[in-house]
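Novice: The file below is final.csv, CSV, C-alpha atoms:
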```csv
chain,number,residue,atom,x,y,z
A,1,MET,CA,-12.8,-6.6,5.4
A,2,THR,CA,-9.7,-8.8,5.5
A,3,LEU,CA,-7.3,-8.6,2.6
A,4,LEU,CA,-4.5,-10.7,1.4
A,5,ALA,CA,-1.7,-9.9,-1.0
A,6,PHE,CA,0.1,-12.4,-3.2
A,7,ASP,CA,2.6,-12.8,-6.0
A,8,ARG,CA,0.7,-14.7,-8.7
A,9,SER,CA,3.7,-16.4,-10.3
A,10,ARG,CA,5.1,-17.7,-6.9
A,11,LEU,CA,1.6,-18.7,-5.8
A,12,ASP,CA,1.1,-20.7,-9.0
A,13,SER,CA,4.5,-22.3,-8.4
A,14,LEU,CA,3.2,-23.2,-4.9
A,15,ARG,CA,0.1,-24.7,-6.5
A,16,VAL,CA,2.2,-26.9,-8.8
A,17,ALA,CA,4.5,-27.9,-5.8
A,18,ILE,CA,1.5,-28.9,-3.7
A,19,GLY,CA,0.2,-31.1,-6.6
A,20,ALA,CA,3.6,-32.7,-7.0
A,21,ALA,CA,3.8,-33.4,-3.2
A,22,ILE,CA,0.3,-35.0,-3.3
A,23,ASP,CA,1.4,-37.3,-6.1
A,24,ASP,CA,4.6,-38.2,-4.3
A,25,LEU,CA,2.7,-39.0,-1.1
A,26,ALA,CA,0.1,-41.1,-3.0
A,27,ARG,CA,2.9,-43.2,-4.5
A,28,ILE,CA,4.4,-44.2,-1.2
A,29,ARG,CA,3.1,-47.7,-0.3
A,30,CYS,CA,4.1,-50.2,2.4
A,31,ASP,CA,1.8,-53.0,3.5
A,32,ASP,CA,4.0,-54.1,6.4
A,33,PRO,CA,2.2,-53.9,9.7
A,34,GLN,CA,5.2,-52.2,11.3
A,35,ALA,CA,4.6,-49.3,8.9
A,36,ALA,CA,1.0,-48.8,9.9
A,37,ASP,CA,1.6,-45.6,11.9
A,38,THR,CA,3.9,-44.2,9.3
A,39,MET,CA,1.4,-44.8,6.6
A,40,ARG,CA,-1.3,-43.1,8.6
A,41,ALA,CA,0.9,-40.0,9.0
A,42,ILE,CA,1.5,-40.0,5.3
A,43,ARG,CA,-2.3,-40.2,4.6
A,44,ARG,CA,-2.9,-37.3,7.1
A,45,ALA,CA,-0.2,-35.2,5.3
A,46,GLY,CA,-1.8,-35.9,2.0
A,47,HIS,CA,-5.2,-35.0,3.4
A,48,THR,CA,-3.9,-31.7,4.7
A,49,LEU,CA,-2.5,-30.9,1.3
A,50,THR,CA,-5.6,-31.9,-0.6
A,51,GLU,CA,-8.3,-30.6,1.7
A,52,THR,CA,-6.7,-27.6,3.3
A,53,CYS,CA,-3.9,-26.1,1.3
A,54,LEU,CA,-4.7,-26.7,-2.4
A,55,PRO,CA,-8.3,-25.4,-2.2
A,56,ARG,CA,-7.1,-22.2,-0.6
A,57,VAL,CA,-4.4,-21.6,-3.3
A,58,HIS,CA,-6.9,-22.4,-6.0
A,59,ASP,CA,-9.5,-20.0,-4.6
A,60,ILE,CA,-7.0,-17.2,-4.4
A,61,LEU,CA,-5.7,-17.8,-7.9
A,62,ARG,CA,-9.2,-17.9,-9.3
A,63,SER,CA,-10.3,-14.8,-7.4
A,64,GLU,CA,-10.5,-11.5,-9.2
A,65,ALA,CA,-7.6,-9.6,-7.7
A,66,MET,CA,-7.9,-5.8,-7.4
A,67,THR,CA,-5.6,-3.8,-9.6
A,68,SER,CA,-5.6,-1.0,-7.1
A,69,CYS,CA,-6.3,-0.7,-3.5
A,70,ARG,CA,-7.7,2.2,-1.5
A,71,SER,CA,-6.3,2.7,1.9
A,72,SER,CA,-9.8,2.7,3.3
A,73,ASP,CA,-10.3,-0.9,2.0
A,74,ILE,CA,-7.4,-2.0,4.1
A,75,ASP,CA,-7.6,-3.3,7.6
A,76,THR,CA,-7.5,-0.4,10.0
A,77,ARG,CA,-4.5,-1.7,11.9
A,78,GLU,CA,-1.4,0.2,11.0
A,79,VAL,CA,0.9,-2.8,10.8
A,80,LEU,CA,-1.4,-4.5,8.3
A,81,ARG,CA,-1.8,-1.3,6.3
A,82,SER,CA,2.0,-0.9,6.1
A,83,ALA,CA,2.5,-4.5,5.1
A,84,TYR,CA,-0.2,-4.5,2.4
A,85,SER,CA,1.0,-1.1,1.1
A,86,THR,CA,4.5,-2.6,0.7
A,87,MET,CA,3.2,-5.6,-1.1
A,88,HIS,CA,1.2,-3.4,-3.4
A,89,ASP,CA,4.2,-1.4,-4.2
A,90,ARG,CA,6.1,-4.6,-5.1
A,91,GLY,CA,3.4,-5.3,-7.7
A,92,TRP,CA,1.6,-8.0,-5.8
A,93,GLU,CA,-2.1,-8.5,-6.4
A,94,MET,CA,-4.5,-8.0,-3.6
A,95,THR,CA,-7.9,-9.6,-3.0
A,96,THR,CA,-10.3,-10.3,-0.2
A,97,ASP,CA,-9.8,-13.5,1.7
A,98,PRO,CA,-11.9,-16.0,-0.1
A,99,LEU,CA,-12.2,-18.3,2.9
A,100,PRO,CA,-13.2,-17.6,6.4
A,101,LEU,CA,-10.3,-16.8,8.7
A,102,VAL,CA,-11.3,-19.5,11.2
A,103,PRO,CA,-13.7,-22.4,10.9
A,104,PRO,CA,-17.0,-21.6,12.5
A,105,SER,CA,-17.3,-23.0,16.0
A,106,PRO,CA,-19.9,-25.7,16.3
A,107,HIS,CA,-21.2,-24.3,19.6
A,108,VAL,CA,-20.0,-21.5,21.8
A,109,ARG,CA,-21.1,-21.8,25.4
A,110,THR,CA,-22.7,-18.9,27.3
A,111,PHE,CA,-21.0,-17.3,30.3
A,112,ASP,CA,-23.0,-19.4,32.8
A,113,GLU,CA,-22.5,-22.6,30.8
A,114,VAL,CA,-18.8,-22.1,30.9
A,115,LEU,CA,-18.8,-21.6,34.7
A,116,VAL,CA,-20.9,-24.7,35.1
A,117,ASP,CA,-18.7,-26.8,32.9
A,118,VAL,CA,-15.6,-25.5,34.7
A,119,ARG,CA,-17.0,-26.4,38.1
A,120,SER,CA,-18.1,-29.8,36.9
A,121,GLY,CA,-14.8,-30.6,35.2
A,122,VAL,CA,-16.2,-30.8,31.7
A,123,LEU,CA,-13.9,-28.0,30.7
A,124,VAL,CA,-10.3,-28.8,31.7
A,125,PRO,CA,-7.8,-26.0,32.0
A,126,MET,CA,-4.7,-25.9,30.0
A,127,THR,CA,-1.5,-27.1,31.6
A,128,ALA,CA,-0.2,-24.4,33.9
A,129,PRO,CA,3.1,-22.6,33.0
A,130,LEU,CA,6.2,-23.8,34.8
A,131,ASP,CA,6.8,-22.1,38.2
A,132,ALA,CA,10.3,-21.2,39.3
A,133,ASN,CA,9.0,-21.3,42.9
A,134,GLY,CA,11.1,-18.3,43.8
A,135,ARG,CA,14.4,-20.1,43.2
A,136,ALA,CA,16.9,-17.7,41.6
A,137,GLY,CA,18.3,-19.0,38.3
A,138,ALA,CA,15.5,-21.6,37.9
A,139,HIS,CA,13.6,-21.8,34.6
A,140,TYR,CA,9.9,-20.8,34.4
A,141,THR,CA,7.6,-20.3,31.4
A,142,SER,CA,5.1,-17.7,30.3
A,143,LEU,CA,2.1,-18.3,28.2
A,144,THR,CA,1.1,-15.5,25.8
A,145,PHE,CA,-2.3,-15.6,24.1
A,146,ALA,CA,-3.0,-13.8,20.8
A,147,ALA,CA,-6.3,-14.0,18.9
A,148,ALA,CA,-7.7,-12.1,16.0
A,149,ASN,CA,-11.2,-11.7,17.2
A,150,PRO,CA,-11.8,-12.5,20.9
A,151,VAL,CA,-15.5,-12.8,21.6
A,152,LEU,CA,-16.5,-11.4,25.0
A,153,LEU,CA,-19.3,-13.7,26.2
A,154,ALA,CA,-20.1,-11.6,29.2
A,155,SER,CA,-18.5,-9.9,32.2
A,156,LYS,CA,-19.8,-9.7,35.8
A,157,ASP,CA,-19.0,-7.4,38.7
A,158,GLU,CA,-17.6,-9.6,41.5
A,159,THR,CA,-16.8,-6.8,43.9
A,160,SER,CA,-17.5,-7.8,47.5
A,161,ASN,CA,-20.0,-5.9,49.6
A,162,LEU,CA,-17.2,-4.8,51.9
A,163,LEU,CA,-15.3,-3.2,49.1
A,164,LYS,CA,-18.5,-1.6,47.8
A,165,PHE,CA,-19.0,-0.1,51.3
A,166,VAL,CA,-15.4,1.1,51.4
A,167,ASP,CA,-16.0,2.7,48.0
A,168,PHE,CA,-19.1,4.3,49.3
A,169,ILE,CA,-17.6,5.9,52.4
A,170,SER,CA,-14.6,7.0,50.4
A,171,ASP,CA,-16.8,9.6,48.8
A,172,ALA,CA,-16.9,11.4,52.2
A,173,LEU,CA,-13.3,10.8,53.4
A,174,PRO,CA,-10.2,12.8,52.5
A,175,VAL,CA,-8.4,9.5,51.7
A,176,GLY,CA,-10.3,7.0,49.6
A,177,TRP,CA,-9.9,3.5,48.3
A,178,ARG,CA,-11.9,2.1,45.4
A,179,GLU,CA,-11.6,-1.4,44.2
A,180,GLN,CA,-13.5,-3.3,41.6
A,181,GLU,CA,-13.3,-7.0,40.7
A,182,THR,CA,-14.6,-8.2,37.4
A,183,VAL,CA,-14.8,-11.7,35.9
A,184,ALA,CA,-15.0,-11.8,32.1
A,185,ILE,CA,-15.1,-14.8,29.8
A,186,TYR,CA,-13.9,-14.7,26.2
A,187,TYR,CA,-14.1,-17.2,23.4
A,188,LEU,CA,-10.9,-17.3,21.5
A,189,ALA,CA,-11.1,-18.9,18.0
A,190,SER,CA,-7.8,-20.2,16.8
A,191,ALA,CA,-5.8,-18.4,19.4
A,192,ARG,CA,-2.1,-18.5,19.1
A,193,ILE,CA,-0.5,-19.6,22.4
A,194,THR,CA,3.2,-18.9,22.7
A,195,SER,CA,5.2,-20.6,25.5
A,196,ALA,CA,8.4,-18.9,26.3
A,197,VAL,CA,11.1,-20.0,28.8
A,198,HIS,CA,12.8,-17.5,31.1
A,199,VAL,CA,15.3,-17.7,33.9
A,200,LEU,CA,14.3,-16.2,37.3
A,201,THR,CA,16.6,-13.2,37.7
A,202,ALA,CA,16.2,-9.6,38.4
A,203,TYR,CA,14.7,-7.7,35.6
A,204,ASP,CA,13.1,-4.4,34.7
A,205,ARG,CA,9.3,-4.8,35.2
A,206,HIS,CA,8.7,-2.6,32.2
A,207,ASP,CA,10.8,-4.7,29.8
A,208,GLY,CA,10.2,-8.1,31.3
A,209,PRO,CA,12.6,-11.0,31.7
A,210,GLU,CA,14.9,-12.2,29.0
A,211,THR,CA,13.6,-15.1,26.9
A,212,LEU,CA,15.8,-18.1,26.3
A,213,GLN,CA,16.3,-18.4,22.5
A,214,GLY,CA,15.4,-21.6,20.7
A,215,LEU,CA,13.0,-22.9,23.4
A,216,THR,CA,9.9,-20.9,22.4
A,217,THR,CA,7.0,-23.1,21.2
A,218,GLU,CA,3.6,-22.3,20.1
A,219,ALA,CA,0.2,-23.9,19.4
A,220,VAL,CA,-3.0,-22.8,17.8
A,221,VAL,CA,-6.2,-23.8,19.6
A,222,SER,CA,-9.7,-22.5,20.4
A,223,GLY,CA,-11.2,-22.3,23.8
A,224,TYR,CA,-12.5,-20.1,26.7
A,225,MET,CA,-10.4,-17.6,28.5
A,226,ILE,CA,-11.6,-16.6,32.0
A,227,ILE,CA,-10.1,-13.4,33.2
A,228,HIS,CA,-10.4,-12.0,36.7
A,229,THR,CA,-9.5,-8.3,36.8
A,230,ASP,CA,-8.8,-6.3,39.9
A,231,ASP,CA,-8.8,-2.5,39.5
A,232,THR,CA,-7.8,-0.4,42.4
A,233,VAL,CA,-7.6,3.4,42.9
A,234,GLY,CA,-6.3,5.1,46.0
A,235,GLU,CA,-7.0,8.8,46.2
A,236,VAL,CA,-6.6,11.9,48.3
A,237,SER,CA,-9.2,14.6,48.1
A,238,VAL,CA,-10.0,17.9,49.6
A,239,GLY,CA,-13.3,19.6,50.2
A,240,ILE,CA,-14.5,22.3,48.0
A,241,GLY,CA,-14.8,25.8,49.5
A,242,PRO,CA,-14.2,27.1,53.0
A,243,GLY,CA,-16.0,26.2,56.2
A,244,GLU,CA,-18.6,23.5,56.6
A,245,GLN,CA,-19.3,21.8,53.3
A,246,ASP,CA,-21.1,18.7,52.0
A,247,PRO,CA,-18.4,16.1,52.6
A,248,THR,CA,-19.2,14.4,49.3
A,249,GLN,CA,-18.4,17.5,47.4
A,250,SER,CA,-14.6,17.3,47.1
A,251,ILE,CA,-11.9,17.3,44.5
A,252,VAL,CA,-9.3,14.6,44.0
A,253,ILE,CA,-5.8,16.1,44.3
A,254,ALA,CA,-3.8,12.8,44.0
A,255,ALA,CA,-4.7,9.4,42.8
A,256,GLN,CA,-2.8,6.2,42.2
A,257,SER,CA,-4.4,3.4,40.2
A,258,SER,CA,-3.3,-0.2,39.4
A,259,SER,CA,-4.8,-3.0,37.5
A,260,THR,CA,-3.9,-6.7,37.8
A,261,TYR,CA,-5.4,-9.8,36.3
A,262,SER,CA,-5.4,-13.5,36.7
A,263,GLY,CA,-7.0,-16.1,34.6
A,264,MET,CA,-7.0,-19.5,33.0
A,265,PHE,CA,-7.6,-20.9,29.5
A,266,PHE,CA,-9.8,-23.9,28.8
A,267,PRO,CA,-9.0,-25.2,25.4
A,268,ASP,CA,-11.5,-27.1,23.2
A,269,THR,CA,-8.7,-29.6,22.3
A,270,THR,CA,-5.3,-30.3,23.8
A,271,PRO,CA,-2.8,-27.8,22.4
A,272,ASP,CA,0.0,-29.3,20.3
A,273,PHE,CA,3.0,-27.1,21.0
A,274,GLN,CA,5.6,-27.0,18.2
A,275,ASP,CA,8.9,-25.1,17.7
A,276,ARG,CA,8.4,-21.6,16.6
A,277,GLY,CA,10.1,-20.8,13.3
A,278,ASP,CA,12.4,-17.8,12.9
A,279,GLN,CA,10.5,-16.5,9.9
A,280,PRO,CA,8.8,-13.1,10.4
A,281,ARG,CA,5.1,-13.7,11.0
A,282,PHE,CA,1.8,-12.1,10.3
A,283,GLU,CA,0.3,-12.1,13.8
A,284,SER,CA,-2.6,-11.0,15.8
A,285,PRO,CA,-1.7,-8.7,18.8
A,286,ASN,CA,-0.9,-10.3,22.1
A,287,LEU,CA,-3.8,-10.0,24.5
A,288,TRP,CA,-2.6,-11.7,27.7
A,289,THR,CA,0.6,-13.1,29.1
A,290,PHE,CA,0.5,-15.4,32.2
A,291,THR,CA,3.0,-16.9,34.5
A,292,LYS,CA,3.0,-18.7,37.8
A,293,SER,CA,6.4,-17.6,38.9
A,294,SER,CA,6.3,-15.7,42.2
A,295,ALA,CA,8.9,-13.2,41.0
A,296,PRO,CA,7.8,-9.5,40.8
A,297,MET,CA,5.3,-9.4,38.0
A,298,VAL,CA,6.1,-7.8,34.7
A,299,ASP,CA,3.8,-4.9,33.7
A,300,ARG,CA,0.8,-6.2,31.8
A,301,TRP,CA,1.4,-9.8,32.8
A,302,GLY,CA,-1.1,-11.8,34.8
A,303,THR,CA,-1.1,-14.8,37.1
A,304,TRP,CA,-2.3,-18.2,36.0
A,305,GLU,CA,-4.9,-18.9,38.6
A,306,LEU,CA,-8.6,-18.4,39.3
B,307,MET,CA,13.2,-59.2,10.2
B,308,ARG,CA,15.8,-58.0,7.9
B,309,ALA,CA,13.3,-57.8,5.1
B,310,THR,CA,11.0,-55.7,7.2
B,311,ALA,CA,13.9,-53.5,8.2
B,312,MET,CA,14.7,-53.0,4.6
B,313,ARG,CA,11.1,-52.0,3.8
B,314,MET,CA,11.1,-49.5,6.7
B,315,ARG,CA,14.3,-48.0,5.5
B,316,ALA,CA,12.9,-47.7,2.0
B,317,LEU,CA,9.8,-46.1,3.4
B,318,ALA,CA,11.9,-43.5,5.4
B,319,THR,CA,13.9,-42.8,2.2
B,320,SER,CA,10.6,-42.3,0.2
B,321,ILE,CA,9.3,-39.9,2.8
B,322,GLY,CA,12.6,-38.0,2.9
B,323,GLY,CA,12.8,-37.8,-0.9
B,324,SER,CA,9.1,-36.7,-1.3
B,325,ARG,CA,8.5,-33.2,-2.6
B,326,ALA,CA,6.0,-32.9,0.4
B,327,MET,CA,9.1,-32.2,2.5
B,328,THR,CA,10.1,-29.1,0.6
B,329,VAL,CA,6.7,-27.7,-0.5
B,330,HIS,CA,6.6,-25.2,2.4
B,331,SER,CA,9.6,-23.4,0.9
B,332,ARG,CA,7.3,-22.2,-2.0
B,333,GLY,CA,5.0,-20.4,0.5
B,334,GLY,CA,5.9,-17.9,3.1
B,335,LEU,CA,6.1,-14.1,3.0
B,336,ASP,CA,7.8,-14.0,-0.4
B,337,THR,CA,4.7,-15.6,-1.9
B,338,TRP,CA,1.7,-14.3,0.0
B,339,ILE,CA,0.7,-12.4,3.1
B,340,GLY,CA,-2.5,-12.4,5.1
B,341,PRO,CA,-4.4,-14.4,7.7
B,342,THR,CA,-5.4,-17.2,5.4
B,343,PRO,CA,-1.9,-17.6,3.9
B,344,GLN,CA,-0.5,-17.7,7.4
B,345,LEU,CA,-2.9,-20.5,8.3
B,346,CYS,CA,-2.0,-22.4,5.1
B,347,ASP,CA,1.8,-21.9,5.8
B,348,ASP,CA,1.3,-23.2,9.3
B,349,ALA,CA,-0.5,-26.2,7.9
B,350,LEU,CA,2.4,-26.9,5.5
B,351,LEU,CA,5.0,-26.6,8.3
B,352,SER,CA,2.9,-28.8,10.6
B,353,MET,CA,2.6,-31.4,7.9
B,354,ARG,CA,6.3,-31.3,7.3
B,355,ARG,CA,6.9,-32.0,11.0
B,356,GLN,CA,4.5,-34.9,10.9
B,357,LEU,CA,6.4,-36.4,7.9
B,358,GLN,CA,9.8,-35.8,9.6
B,359,SER,CA,8.5,-37.6,12.7
B,360,ALA,CA,7.2,-40.5,10.6
B,361,GLN,CA,10.5,-40.7,8.7
B,362,GLN,CA,12.4,-40.8,12.0
B,363,SER,CA,10.1,-43.4,13.4
B,364,SER,CA,10.6,-45.6,10.3
B,365,SER,CA,14.3,-45.3,10.6
B,366,ASP,CA,14.3,-46.1,14.3
B,367,THR,CA,12.1,-49.2,13.6
B,368,ALA,CA,14.5,-50.3,10.9
B,369,ARG,CA,17.5,-50.0,13.2
B,370,ARG,CA,15.7,-51.8,16.0
B,371,LEU,CA,14.8,-54.7,13.7
B,372,GLU,CA,18.3,-54.9,12.4
B,373,ARG,CA,19.7,-55.1,15.9
B,374,GLN,CA,17.2,-57.8,16.8
B,375,ALA,CA,18.1,-59.7,13.6
B,376,ASP,CA,21.8,-59.4,14.5
B,377,ALA,CA,21.2,-60.7,18.0
B,378,VAL,CA,19.2,-63.7,16.7
B,379,GLN,CA,21.9,-64.5,14.1
B,380,HIS,CA,24.5,-64.3,16.8
B,381,GLN,CA,22.6,-66.7,19.0
B,382,LEU,CA,22.1,-69.1,16.1
B,383,SER,CA,25.8,-69.1,15.3
B,384,ILE,CA,26.7,-69.7,19.0
B,385,SER,CA,24.2,-72.6,19.2
B,386,LYS,CA,25.7,-74.1,16.0
B,387,LEU,CA,29.2,-74.0,17.4
B,388,ALA,CA,28.2,-75.5,20.7
B,389,PRO,CA,29.2,-79.2,21.1
B,390,LYS,CA,26.3,-81.6,20.8
```
Give the structure from this file in structure tokens form.

Specialist:
Amino acid sequence: MTLLAFDRSRLDSLRVAIGAAIDDLARIRCDDPQAADTMRAIRRAGHTLTETCLPRVHDILRSEAMTSCRSSDIDTREVLRSAYSTMHDRGWEMTTDPLPLVPPSPHVRTFDEVLVDVRSGVLVPMTAPLDANGRAGAHYTSLTFAAANPVLLASKDETSNLLKFVDFISDALPVGWREQETVAIYYLASARITSAVHVLTAYDRHDGPETLQGLTTEAVVSGYMIIHTDDTVGEVSVGIGPGEQDPTQSIVIAAQSSSTYSGMFFPDTTPDFQDRGDQPRFESPNLWTFTKSSAPMVDRWGTWEL
Amino acid sequence: MRATAMRMRALATSIGGSRAMTVHSRGGLDTWIGPTPQLCDDALLSMRRQLQSAQQSSSDTARRLERQADAVQHQLSISKLAPK
């Protein structure tokens, strides 16, 4: 269950302000042909207020807010729980979200349909992040994707026969190598994409590069994320027991694993990137971050390619 | 041209003075918190950006028309002064 918390008097004030804004916009008139685009923008703004914002505020104000809230009712994520608890302590009212979080998608393709549409060019990938091309001091960008409920359409094992063979014989060797390649496709509804600008310099791969302030933009868009994951494990093992033994009966004494991913996002519509405000936000967790820069990769970052 | 420029300026002023430009300040984390409020706040901020862009565009058009009107007027005054 998704909850929201609100201050009734301030929300009522927002309702009045939206009504006043709608009245103001409706009063603006200009028949001059030069003003056609401006008038269209004003009508769009009025439509947003009338059709999107005001109904949501009305629904929340009309809802029967809970007077108390059990922690088990609250979203399981700790951050949300903490935020809601704080709001409850401040005397805010809480209620279930009266409207769906995201509009239902008209049609979500299957795994195979996505691949067919990607190959045929029906699905167009999002513009790739800027690449510094290895030039020190050059700017490059990273794209971070966050979504509340990513839907895994399917995942398929793409490991080559050679790697499967290496994996097989590793069972009988003192030094083994196991590698698995997987392709997964997710549908992200209303994913928040954050584009951040960095300068190519040396950085700690655990902390990542410094982000240039004031240049971060973001967009909200739905679409398909194709992720190619490569998991590798190198291991050293010794046989169990003295003398001649079954070579497959061994114990791993040392292992080193790594996991990398690459991928691309195919949006339903062209993302409209806007400046990111400074206000604290209520956000879904980041799922993937991509870059094309050939600099040493940051932990948990992936490469923008398929 | 000057009349159109004046209308465009008036339009830009109307947009700037509209309460739609400030309505977003009534929302935010001091008013409500949750996924739907966040989407609604985003919609308000996006609408404000659209209006700011429309206001800027109207002002730019007005300036351009005024410059053109000045240029035409200048040409006319030169042609009047020229010996016949």

Novice: Could you tell me how far CA of Ala26 (chain A) lies from CA of Ser9 (chain A), in Å and to one decimal?

Specialist: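 Separation between CA of Ala26 (chain A) and CA of Ser9 (chain A): 26.0 Å.
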
Novice: Which residues are close to Leu357 (chain B), i.e. within 10 Å by only C-alpha atoms, leaving aside same-chain residues fewer than 3 positions away? Reply as a PyMOL selection string.

Specialist: (chain A and resi 38-39+41-42+44-45) or (chain B and resi 318+321-322+324+326-327+351-354+360-363)

Novice: Can I get the selected residues back with C-alpha atoms, as an mmCIF file, in the frame of the given file?

Specialist:
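Final file, out-v3.cif:
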```
data_model
loop_
_atom_site.group_PDB
_atom_site.id
_atom_site.type_symbol
_atom_site.label_atom_id
_atom_site.label_comp_id
_atom_site.auth_asym_id
_atom_site.auth_seq_id
_atom_site.Cartn_x
_atom_site.Cartn_y
_atom_site.Cartn_z
ATOM 1 C CA THR A 38 3.900 -44.200 9.300
ATOM 2 C CA MET A 39 1.400 -44.800 6.600
ATOM 3 C CA ALA A 41 0.900 -40.000 9.000
ATOM 4 C CA ILE A 42 1.500 -40.000 5.300
ATOM 5 C CA ARG A 44 -2.900 -37.300 7.100
ATOM 6 C CA ALA A 45 -0.200 -35.200 5.300
ATOM 7 C CA ALA B 318 11.900 -43.500 5.400
ATOM 8 C CA ILE B 321 9.300 -39.900 2.800
ATOM 9 C CA GLY B 322 12.600 -38.000 2.900
ATOM 10 C CA SER B 324 9.100 -36.700 -1.300
ATOM 11 C CA ALA B 326 6.000 -32.900 0.400
ATOM 12 C CA MET B 327 9.100 -32.200 2.500
ATOM 13 C CA LEU B 351 5.000 -26.600 8.300
ATOM 14 C CA SER B 352 2.900 -28.800 10.600
ATOM 15 C CA MET B 353 2.600 -31.400 7.900
ATOM 16 C CA ARG B 354 6.300 -31.300 7.300
ATOM 17 C CA ALA B 360 7.200 -40.500 10.600
ATOM 18 C CA GLN B 361 10.500 -40.700 8.700
ATOM 19 C CA GLN B 362 12.400 -40.800 12.000
ATOM 20 C CA SER B 363 10.100 -43.400 13.400
#
```

Novice: As a compact mmCIF listing (two decimals) with C-alpha atoms, in the coordinates of the input, could you give me every residue of chain B near chain A (at most 9 Å apart, counting only C-alpha atoms)?

Specialist:
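part_19.txt written:
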```
# COMPACT_ATOMS: atom_id res chain seq x y z
CA THR B 310 11.00 -55.70 7.20
CA ARG B 313 11.10 -52.00 3.80
CA MET B 314 11.10 -49.50 6.70
CA LEU B 317 9.80 -46.10 3.40
CA ALA B 318 11.90 -43.50 5.40
CA SER B 320 10.60 -42.30 0.20
CA ILE B 321 9.30 -39.90 2.80
CA GLY B 323 12.80 -37.80 -0.90
CA SER B 324 9.10 -36.70 -1.30
CA ARG B 325 8.50 -33.20 -2.60
CA ALA B 326 6.00 -32.90 0.40
CA MET B 327 9.10 -32.20 2.50
CA THR B 328 10.10 -29.10 0.60
CA VAL B 329 6.70 -27.70 -0.50
CA HIS B 330 6.60 -25.20 2.40
CA SER B 331 9.60 -23.40 0.90
CA ARG B 332 7.30 -22.20 -2.00
CA GLY B 333 5.00 -20.40 0.50
CA GLY B 334 5.90 -17.90 3.10
CA LEU B 335 6.10 -14.10 3.00
CA ASP B 336 7.80 -14.00 -0.40
CA THR B 337 4.70 -15.60 -1.90
CA TRP B 338 1.70 -14.30 0.00
CA ILE B 339 0.70 -12.40 3.10
CA GLY B 340 -2.50 -12.40 5.10
CA PRO B 341 -4.40 -14.40 7.70
CA THR B 342 -5.40 -17.20 5.40
CA PRO B 343 -1.90 -17.60 3.90
CA GLN B 344 -0.50 -17.70 7.40
CA LEU B 345 -2.90 -20.50 8.30
CA CYS B 346 -2.00 -22.40 5.10
CA ASP B 347 1.80 -21.90 5.80
CA ALA B 349 -0.50 -26.20 7.90
CA LEU B 350 2.40 -26.90 5.50
CA SER B 352 2.90 -28.80 10.60
CA MET B 353 2.60 -31.40 7.90
CA ARG B 354 6.30 -31.30 7.30
CA ARG B 355 6.90 -32.00 11.00
CA GLN B 356 4.50 -34.90 10.90
CA LEU B 357 6.40 -36.40 7.90
CA SER B 359 8.50 -37.60 12.70
CA ALA B 360 7.20 -40.50 10.60
CA GLN B 361 10.50 -40.70 8.70
CA SER B 363 10.10 -43.40 13.40
CA SER B 364 10.60 -45.60 10.30
CA THR B 367 12.10 -49.20 13.60
```

Novice: May I ask for the distance between CA of Ala172 (chain A) and CA of Ala255 (chain A), given in Å to one decimal place?

Specialist: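 Separating CA of Ala172 (chain A) from CA of Ala255 (chain A) is a distance of 15.5 Å.
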
Novice: Can you work out which one of A:Thr201, A:Thr110, A:Ser195, A:Ser170 has the shortest atom-to-atom distance to Tyr224 (chain A), counting all atoms listed in the file?

Specialist: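 Of the candidates, the smallest distance to Tyr224 (chain A) is held by A:Thr110.
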
Novice: What is the CA of Thr232 (chain A)-CA of Asn149 (chain A) distance in Å, reported with one decimal?

Specialist: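 Pair CA of Thr232 (chain A) / CA of Asn149 (chain A) returns 27.8 Å.
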
Novice: Show me, as a list in words, the residues that have an atom within 12 Å of Asp171 (chain A) when counting all atoms listed in the file, minus same-chain residues fewer than 5 positions from it.

Specialist: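 The filter keeps Lys164, Phe165, Val166, Gly176, Trp177, Arg178, Gly234, Glu235, Val236, Ser237, Val238, Gly239, Asp246, Pro247, Thr248, Gln249, Ser250, Ile251 and Val252 of chain A.
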
Novice: Give as a VMD selection string the set of residues within 12 Å of the point (-19.7, -21.9, 28.5), where distances use the file's coordinates and all atoms listed in the file.

Specialist: chain A and resid 107 to 120 122 to 123 152 to 154 184 to 187 223 to 226 266 to 268

Novice: Just the residues within 9 Å of Glu305 (chain A), please, counting only C-alpha atoms, with nothing from its chain fewer than 3 positions along; format it as a count of residues only.

Specialist: 6

Novice: Quick one: residues within 10 Å of Arg308 (chain B), only C-alpha atoms, excluding same-chain residues fewer than 6 positions away - as an MDAnalysis selection string?

Specialist: chainID B and resid 314 368:369 371:376

Novice: Once you count all atoms listed in the file, which residues end up no further than 7 Å from (6.3, -3.0, 33.4) in the file's frame, shown as JSON, numbers by chain?

Specialist: {"A": [205, 206, 207, 208, 298, 299, 300]}

Novice: Considering all atoms listed in the file, can you say which of A:Glu181, A:Thr289, A:Thr270, A:Val151 comes closest to Pro125 (chain A)?

Specialist: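 Going through A:Glu181, A:Thr289, A:Thr270, A:Val151 one by one, the smallest distance to Pro125 (chain A) is for A:Thr270.
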